[in-house]
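Shown next: start_12.csv, given as CSV, C-alpha atoms.
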```csv
chain,number,residue,atom,x,y,z
Q,890,THR,CA,-69.1,29.2,36.8
Q,891,ASN,CA,-68.5,30.1,33.2
Q,892,LEU,CA,-65.9,32.6,34.3
Q,893,PHE,CA,-64.2,29.8,36.4
Q,894,TYR,CA,-64.0,27.3,33.5
Q,895,SER,CA,-62.8,30.0,31.1
Q,896,THR,CA,-60.1,31.0,33.5
Q,897,CYS,CA,-59.0,27.3,33.9
Q,898,ARG,CA,-58.9,26.8,30.1
Q,899,THR,CA,-56.8,30.0,29.8
Q,900,ILE,CA,-54.3,28.7,32.4
Q,901,ARG,CA,-54.1,25.3,30.8
Q,902,ASN,CA,-53.5,26.9,27.4
Q,903,GLU,CA,-50.8,29.0,28.8
Q,904,GLN,CA,-49.2,26.0,30.5
Q,905,PHE,CA,-49.4,24.0,27.3
Q,906,THR,CA,-47.9,26.9,25.3
Q,907,MET,CA,-45.1,27.3,27.9
Q,908,LYS,CA,-44.3,23.5,27.9
Q,909,THR,CA,-44.3,23.5,24.1
Q,910,ALA,CA,-41.9,26.5,24.0
Q,911,VAL,CA,-39.6,24.8,26.6
Q,912,ALA,CA,-39.6,21.5,24.6
Q,913,PHE,CA,-38.8,23.4,21.4
Q,914,LEU,CA,-35.9,25.3,23.0
Q,915,THR,CA,-34.6,22.1,24.5
Q,916,VAL,CA,-34.5,20.3,21.1
Q,917,VAL,CA,-32.9,23.3,19.4
Q,918,ALA,CA,-30.3,23.6,22.2
Q,919,GLY,CA,-29.5,19.8,21.9
Q,920,ALA,CA,-29.2,20.0,18.2
Q,921,SER,CA,-26.8,23.0,18.5
Q,922,ALA,CA,-24.8,21.2,21.1
Q,923,PHE,CA,-24.1,18.3,18.6
Q,924,ALA,CA,-23.5,20.5,15.6
Q,925,PRO,CA,-19.8,21.3,16.3
Q,926,ALA,CA,-19.1,17.7,17.1
Q,927,ALA,CA,-20.5,16.6,13.7
Q,928,SER,CA,-18.5,19.3,12.0
Q,929,ASN,CA,-15.3,18.2,13.9
Q,930,SER,CA,-16.0,14.6,12.9
Q,931,ARG,CA,-16.3,15.5,9.3
Q,932,SER,CA,-13.1,17.5,9.5
Q,933,THR,CA,-11.3,14.6,11.1
Q,934,ALA,CA,-12.5,12.2,8.5
Q,935,ILE,CA,-11.4,14.5,5.7
Q,936,LYS,CA,-8.0,15.0,7.3
Q,937,ALA,CA,-7.5,11.2,7.9
Q,938,ALA,CA,-8.5,10.4,4.3
Q,939,THR,CA,-6.0,12.9,3.0
Q,940,GLU,CA,-3.2,11.4,5.0
Q,941,PHE,CA,-4.0,7.9,3.6
Q,942,GLU,CA,-4.3,9.2,0.1
Q,943,ASN,CA,-0.7,10.5,0.3
Q,944,LEU,CA,0.6,7.0,1.0
Q,945,PRO,CA,1.9,4.8,-1.8
Q,946,GLY,CA,-0.3,1.9,-2.8
Q,947,ILE,CA,-3.5,3.5,-4.3
Q,948,ASP,CA,-3.4,2.1,-7.8
Q,949,ILE,CA,-5.6,0.5,-10.5
Q,950,GLU,CA,-7.0,-2.2,-8.2
Q,951,THR,CA,-9.2,0.4,-6.5
Q,952,GLY,CA,-9.6,2.7,-9.5
Q,953,LYS,CA,-6.7,4.9,-8.2
Q,954,LYS,CA,-9.0,5.9,-5.3
Q,955,PHE,CA,-8.6,5.5,-1.6
Q,956,PHE,CA,-10.5,2.4,-0.6
Q,957,ASP,CA,-11.9,2.4,2.9
Q,958,PRO,CA,-15.5,1.2,3.0
Q,959,LEU,CA,-15.6,0.8,6.8
Q,960,ASN,CA,-14.1,4.3,7.4
Q,961,LEU,CA,-11.3,2.8,9.6
Q,962,SER,CA,-9.1,5.7,8.6
Q,963,GLU,CA,-11.0,7.9,11.1
Q,964,TRP,CA,-9.7,5.8,14.0
Q,965,ILE,CA,-6.3,4.5,12.8
Q,966,PRO,CA,-3.3,6.8,12.1
Q,967,ALA,CA,-2.0,6.5,8.6
Q,968,GLU,CA,1.5,5.6,9.7
Q,969,HIS,CA,0.3,3.0,12.1
Q,970,ALA,CA,-1.9,1.4,9.5
Q,971,ARG,CA,0.8,1.2,6.9
Q,972,LYS,CA,3.2,-0.4,9.4
Q,973,ALA,CA,0.6,-2.9,10.4
Q,974,GLU,CA,-0.3,-3.7,6.7
Q,975,LEU,CA,3.4,-4.3,5.8
Q,976,SER,CA,4.1,-6.3,8.9
Q,977,ASN,CA,1.1,-8.6,8.3
Q,978,GLY,CA,1.7,-8.7,4.6
Q,979,ARG,CA,5.3,-9.8,5.0
Q,980,SER,CA,4.3,-12.5,7.5
Q,981,ALA,CA,1.6,-13.6,5.0
Q,982,MET,CA,4.1,-14.0,2.2
Q,983,LEU,CA,6.3,-16.1,4.5
Q,984,ALA,CA,3.3,-18.1,5.6
Q,985,THR,CA,2.2,-18.7,2.0
Q,986,VAL,CA,5.6,-20.2,1.2
Q,987,GLY,CA,5.5,-22.2,4.5
Q,988,TRP,CA,2.0,-23.6,3.6
Q,989,PHE,CA,3.2,-25.3,0.4
Q,990,TRP,CA,6.9,-26.0,1.3
Q,991,PRO,CA,6.4,-29.4,3.2
Q,992,ALA,CA,4.3,-30.9,0.5
Q,993,LYS,CA,6.2,-29.6,-2.5
Q,994,VAL,CA,9.8,-29.5,-1.3
Q,995,GLY,CA,10.0,-31.7,1.7
Q,996,MET,CA,10.2,-31.7,5.5
Q,997,PHE,CA,13.0,-31.4,8.0
Q,998,ALA,CA,13.9,-34.4,10.1
Q,999,SER,CA,11.4,-34.4,12.9
Q,1000,ASP,CA,10.1,-36.8,15.5
Q,1001,ASP,CA,7.0,-34.7,16.4
Q,1002,VAL,CA,5.7,-33.3,13.1
Q,1003,THR,CA,4.8,-36.1,10.8
Q,1004,THR,CA,2.3,-34.4,8.5
Q,1005,THR,CA,2.4,-32.1,5.5
Q,1006,ASP,CA,-0.9,-30.5,6.5
Q,1007,PRO,CA,0.0,-27.1,7.8
Q,1008,VAL,CA,-2.8,-26.8,10.4
Q,1009,ASP,CA,-2.2,-30.3,11.8
Q,1010,ALA,CA,1.5,-29.5,11.9
Q,1011,ILE,CA,0.8,-26.6,14.2
Q,1012,MET,CA,-0.8,-28.8,16.7
Q,1013,GLN,CA,1.9,-31.5,16.4
Q,1014,ALA,CA,4.8,-29.1,17.0
Q,1015,ASP,CA,6.7,-29.4,20.2
Q,1016,PRO,CA,6.1,-26.6,22.8
Q,1017,GLN,CA,9.8,-25.8,22.8
Q,1018,TRP,CA,9.6,-25.0,19.1
Q,1019,TRP,CA,6.8,-22.5,19.9
Q,1020,ALA,CA,9.0,-20.9,22.6
Q,1021,GLN,CA,11.8,-20.5,20.1
Q,1022,PHE,CA,9.5,-19.1,17.5
Q,1023,VAL,CA,8.1,-16.5,19.9
Q,1024,ILE,CA,11.6,-15.5,21.0
Q,1025,PHE,CA,12.7,-15.2,17.3
Q,1026,CYS,CA,9.7,-12.9,16.5
Q,1027,GLY,CA,10.5,-10.8,19.6
Q,1028,VAL,CA,14.2,-10.4,18.4
Q,1029,ILE,CA,13.1,-9.3,15.0
Q,1030,GLU,CA,10.6,-6.8,16.4
Q,1031,ALA,CA,13.4,-5.5,18.8
Q,1032,ILE,CA,15.8,-5.0,15.8
Q,1033,LYS,CA,13.1,-3.1,13.9
Q,1034,TYR,CA,12.3,-0.9,16.9
Q,1035,ARG,CA,16.0,-0.2,17.6
Q,1036,ALA,CA,16.5,0.7,13.9
Q,1037,GLU,CA,13.6,3.1,14.0
Q,1038,GLN,CA,15.0,4.8,17.1
Q,1039,ASP,CA,18.2,5.3,15.1
Q,1040,GLY,CA,16.3,6.9,12.2
Q,1041,GLY,CA,15.7,3.8,10.1
Q,1042,SER,CA,12.4,2.8,8.5
Q,1043,PHE,CA,10.7,-0.5,7.5
Q,1044,THR,CA,8.0,1.1,5.4
Q,1045,GLY,CA,10.3,2.6,2.7
Q,1046,GLU,CA,10.9,6.1,3.9
Q,1047,GLY,CA,14.6,6.9,4.4
Q,1048,ASP,CA,17.2,4.3,5.3
Q,1049,PRO,CA,15.8,0.8,5.7
Q,1050,ALA,CA,15.7,-0.7,9.2
Q,1051,ILE,CA,16.8,-4.1,7.9
Q,1052,ASP,CA,18.8,-4.5,4.6
Q,1053,TYR,CA,21.4,-7.2,5.0
Q,1054,MET,CA,22.1,-7.4,1.3
Q,1055,ASN,CA,22.5,-3.6,1.0
Q,1056,GLN,CA,20.3,-3.4,-2.1
Q,1057,TRP,CA,18.2,-0.4,-1.1
Q,1058,GLY,CA,21.1,2.1,-1.1
Q,1059,GLY,CA,21.9,1.2,-4.7
Q,1060,MET,CA,18.5,2.1,-6.1
Q,1061,ASN,CA,17.4,5.5,-7.4
Q,1062,ASP,CA,14.2,7.2,-6.2
Q,1063,ALA,CA,12.1,5.7,-9.1
Q,1064,GLN,CA,13.4,2.2,-8.4
Q,1065,LYS,CA,12.6,2.6,-4.7
Q,1066,GLU,CA,9.0,3.7,-5.4
Q,1067,THR,CA,8.6,0.7,-7.8
Q,1068,MET,CA,10.0,-1.7,-5.2
Q,1069,ARG,CA,7.7,-0.3,-2.5
Q,1070,LEU,CA,4.7,-0.7,-4.7
Q,1071,LYS,CA,5.6,-4.3,-5.7
Q,1072,GLU,CA,6.1,-5.3,-2.1
Q,1073,LEU,CA,2.8,-3.7,-1.0
Q,1074,LYS,CA,0.8,-5.5,-3.7
Q,1075,ASN,CA,2.5,-8.8,-3.1
Q,1076,ALA,CA,1.8,-8.4,0.6
Q,1077,ARG,CA,-1.9,-7.7,0.0
Q,1078,LEU,CA,-2.2,-10.6,-2.3
Q,1079,ALA,CA,-0.5,-12.9,0.2
Q,1080,MET,CA,-2.9,-11.9,3.0
Q,1081,ILE,CA,-5.9,-12.6,0.7
Q,1082,GLY,CA,-4.4,-15.8,-0.5
Q,1083,PHE,CA,-3.5,-17.1,3.0
Q,1084,ALA,CA,-7.0,-16.3,4.2
Q,1085,SER,CA,-8.4,-18.3,1.3
Q,1086,PHE,CA,-6.1,-21.3,2.2
Q,1087,VAL,CA,-7.4,-21.3,5.8
Q,1088,SER,CA,-11.0,-21.0,4.6
Q,1089,ALA,CA,-10.6,-23.8,2.1
Q,1090,HIS,CA,-9.0,-26.0,4.8
Q,1091,PHE,CA,-11.8,-25.6,7.3
Q,1092,ILE,CA,-14.7,-25.1,4.9
Q,1093,PRO,CA,-14.0,-27.5,1.9
Q,1094,GLY,CA,-15.3,-26.0,-1.4
Q,1095,SER,CA,-15.6,-22.5,0.0
Q,1096,VAL,CA,-12.9,-21.0,-2.3
Q,1097,PRO,CA,-13.4,-21.2,-6.1
Q,1098,GLY,CA,-10.5,-22.8,-7.9
Q,1099,LEU,CA,-9.2,-24.7,-4.9
Q,1100,PRO,CA,-10.0,-28.5,-4.7
Q,1101,ALA,CA,-12.4,-29.8,-2.0
Q,1102,ASP,CA,-9.6,-31.7,-0.3
Q,1103,PHE,CA,-7.2,-28.7,-0.3
Q,1104,HIS,CA,-4.8,-28.6,2.6
```

Starting from the coordinates I provided, produce the structure as structure tokens.
Amino acid sequence: TNLFYSTCRTIRNEQFTMKTAVAFLTVVAGASAFAPAASNSRSTAIKAATEFENLPGIDIETGKKFFDPLNLSEWIPAEHARKAELSNGRSAMLATVGWFWPAKVGMFASDDVTTTDPVDAIMQADPQWWAQFVIFCGVIEAIKYRAEQDGGSFTGEGDPAIDYMNQWGGMNDAQKETMRLKELKNARLAMIGFASFVSAHFIPGSVPGLPADFH
């Protein structure tokens, strides 16, 4: 009997040892499988950050360092991000002017829009105006796309895609870099400013410096 129990314990110990060894090897193999992926991820992040750091626009506002707290640079190509930033920034600059224009300058003769409140005006605008607006935006995007296909640029590298006043060609390299930085900073400020206008409109008192009845 003692010999039987001793044999059973030996078998159980050997089984336990074998299971432990298998589990250990599985963990090590799994960790090894993920190691190259982590390394590749770090390499991709470093490469992406380098591409962004070579773009104009990293200045005193961020301590002359690349600012990307959400690590979006790992997922968005630098060229695409700059095009999106400038496109949205330019739209925000126009939108900022449009926000204050009706109240400070005046309105065009209209039978449908009767308010100087920008948000209310959006809802009052006739559907055909929206159709014209969408077509107009599509035409502008088509012009930009065609110009890029012909070697132009709307981010400041090379000949401009749109320059109806022919000012870009008369600037030297230093003036061009200064102009690019000015536009970029104004675009970023306009995006922040427009977001604050919308916030103050829907959440009165949410933006310091803007009155509670801001619209």

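In this comparison, which uses all atoms listed in the file, the residue of Q:Phe1091, Q:Trp990, Q:Met1068, Q:Ile1032 approaching Gln1056 (chain Q) most closely is Q:Met1068.
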
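CA of Thr1044 (chain Q) is positioned 9.8 Å from CA of Ala973 (chain Q).
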
For Gln1013 (chain Q), please output as a count of residues only all residues within 12 Å (counting only C-alpha atoms; exclusion window: fewer than 4 positions along the same chain).
-> 14

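Relative to CA of Glu1072 (chain Q), CA of Ala1010 (chain Q) is found at 28.3 Å.
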
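A straight line drawn from CA of Glu942 (chain Q) to CA of Glu1030 (chain Q) is 27.3 Å long.
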
Which polymer residues have any atom within 12 Å of an atom of Leu1073 (chain Q), counting all atoms listed in the file, with same-chain residues fewer than 6 positions away left out, as JSON, numbers by chain?
-> {"Q": [944, 945, 946, 947, 948, 971, 972, 973, 974, 975, 976, 977, 978, 979, 981, 982, 1044, 1045, 1066, 1067, 1079, 1080]}

Tell me, as a compact mmCIF listing (two decimals) with C-alpha atoms, keeping the file's coordinate frame, which residues lie within 12 Å of Leu1099 (chain Q), counting only C-alpha atoms; anything in the same chain fewer than 2 positions away does not count.
```
# COMPACT_ATOMS: atom_id res chain seq x y z
CA GLY Q 1082 -4.40 -15.80 -0.50
CA SER Q 1085 -8.40 -18.30 1.30
CA PHE Q 1086 -6.10 -21.30 2.20
CA VAL Q 1087 -7.40 -21.30 5.80
CA SER Q 1088 -11.00 -21.00 4.60
CA ALA Q 1089 -10.60 -23.80 2.10
CA HIS Q 1090 -9.00 -26.00 4.80
CA ILE Q 1092 -14.70 -25.10 4.90
CA PRO Q 1093 -14.00 -27.50 1.90
CA GLY Q 1094 -15.30 -26.00 -1.40
CA SER Q 1095 -15.60 -22.50 0.00
CA VAL Q 1096 -12.90 -21.00 -2.30
CA PRO Q 1097 -13.40 -21.20 -6.10
CA ALA Q 1101 -12.40 -29.80 -2.00
CA ASP Q 1102 -9.60 -31.70 -0.30
CA PHE Q 1103 -7.20 -28.70 -0.30
CA HIS Q 1104 -4.80 -28.60 2.60
```

Around region 964-977 of chain Q, fit a box with edges along x, y and z, padding it by 3 Å on each side, then list its centre and edge lengths in Å to one decimal as AutoDock Vina command-line options.
```
--center_x -2.8 --center_y -0.9 --center_z 9.9 --size_x 19.8 --size_y 21.4 --size_z 14.2
```

Please supply region 1036-1053 of chain Q, rebuilt with N, CA, C and O atoms, as a short mmCIF file (atom, residue, chain, number, x, y, z; two decimals), keeping the file's coordinate frame.
```
data_model
loop_
_atom_site.label_atom_id
_atom_site.label_comp_id
_atom_site.auth_asym_id
_atom_site.auth_seq_id
_atom_site.Cartn_x
_atom_site.Cartn_y
_atom_site.Cartn_z
N ALA Q 1036 16.18 0.02 15.19
CA ALA Q 1036 16.50 0.70 13.90
C ALA Q 1036 15.71 1.95 13.73
O ALA Q 1036 16.22 2.98 13.26
N GLU Q 1037 14.42 1.89 14.11
CA GLU Q 1037 13.60 3.10 14.00
C GLU Q 1037 14.05 4.18 14.94
O GLU Q 1037 14.02 5.37 14.59
N GLN Q 1038 14.48 3.80 16.12
CA GLN Q 1038 15.00 4.80 17.10
C GLN Q 1038 16.25 5.47 16.54
O GLN Q 1038 16.53 6.63 16.88
N ASP Q 1039 16.98 4.76 15.69
CA ASP Q 1039 18.20 5.30 15.10
C ASP Q 1039 17.94 6.01 13.78
O ASP Q 1039 18.89 6.36 13.07
N GLY Q 1040 16.65 6.18 13.43
CA GLY Q 1040 16.30 6.90 12.20
C GLY Q 1040 15.99 6.02 11.00
O GLY Q 1040 15.74 6.53 9.91
N GLY Q 1041 16.01 4.71 11.18
CA GLY Q 1041 15.70 3.80 10.10
C GLY Q 1041 14.19 3.66 9.88
O GLY Q 1041 13.38 4.17 10.66
N SER Q 1042 13.80 2.96 8.82
CA SER Q 1042 12.40 2.80 8.50
C SER Q 1042 12.19 1.39 7.90
O SER Q 1042 13.07 0.89 7.19
N PHE Q 1043 11.06 0.76 8.21
CA PHE Q 1043 10.70 -0.50 7.50
C PHE Q 1043 9.50 -0.35 6.66
O PHE Q 1043 8.89 -1.33 6.27
N THR Q 1044 9.16 0.89 6.34
CA THR Q 1044 8.00 1.10 5.40
C THR Q 1044 8.50 1.80 4.12
O THR Q 1044 7.69 2.11 3.26
N GLY Q 1045 9.82 2.03 3.97
CA GLY Q 1045 10.30 2.60 2.70
C GLY Q 1045 10.74 4.01 2.74
O GLY Q 1045 11.30 4.51 1.76
N GLU Q 1046 10.46 4.73 3.83
CA GLU Q 1046 10.90 6.10 3.90
C GLU Q 1046 12.27 6.19 4.57
O GLU Q 1046 12.45 5.76 5.70
N GLY Q 1047 13.22 6.72 3.85
CA GLY Q 1047 14.60 6.90 4.40
C GLY Q 1047 15.34 5.55 4.37
O GLY Q 1047 15.03 4.63 3.61
N ASP Q 1048 16.35 5.48 5.22
CA ASP Q 1048 17.20 4.30 5.30
C ASP Q 1048 16.42 3.12 5.83
O ASP Q 1048 15.67 3.28 6.80
N PRO Q 1049 16.58 1.92 5.26
CA PRO Q 1049 15.80 0.80 5.70
C PRO Q 1049 16.28 0.29 7.11
O PRO Q 1049 17.46 0.37 7.45
N ALA Q 1050 15.33 -0.19 7.89
CA ALA Q 1050 15.70 -0.70 9.20
C ALA Q 1050 16.46 -2.01 9.08
O ALA Q 1050 17.37 -2.27 9.88
N ILE Q 1051 16.14 -2.83 8.09
CA ILE Q 1051 16.80 -4.10 7.90
C ILE Q 1051 17.13 -4.20 6.35
O ILE Q 1051 16.22 -4.17 5.54
N ASP Q 1052 18.41 -4.31 6.00
CA ASP Q 1052 18.80 -4.50 4.60
C ASP Q 1052 20.15 -5.17 4.57
O ASP Q 1052 21.18 -4.58 4.26
N TYR Q 1053 20.13 -6.46 4.90
CA TYR Q 1053 21.40 -7.20 5.00
C TYR Q 1053 22.15 -7.34 3.73
O TYR Q 1053 23.37 -7.48 3.74
#
```
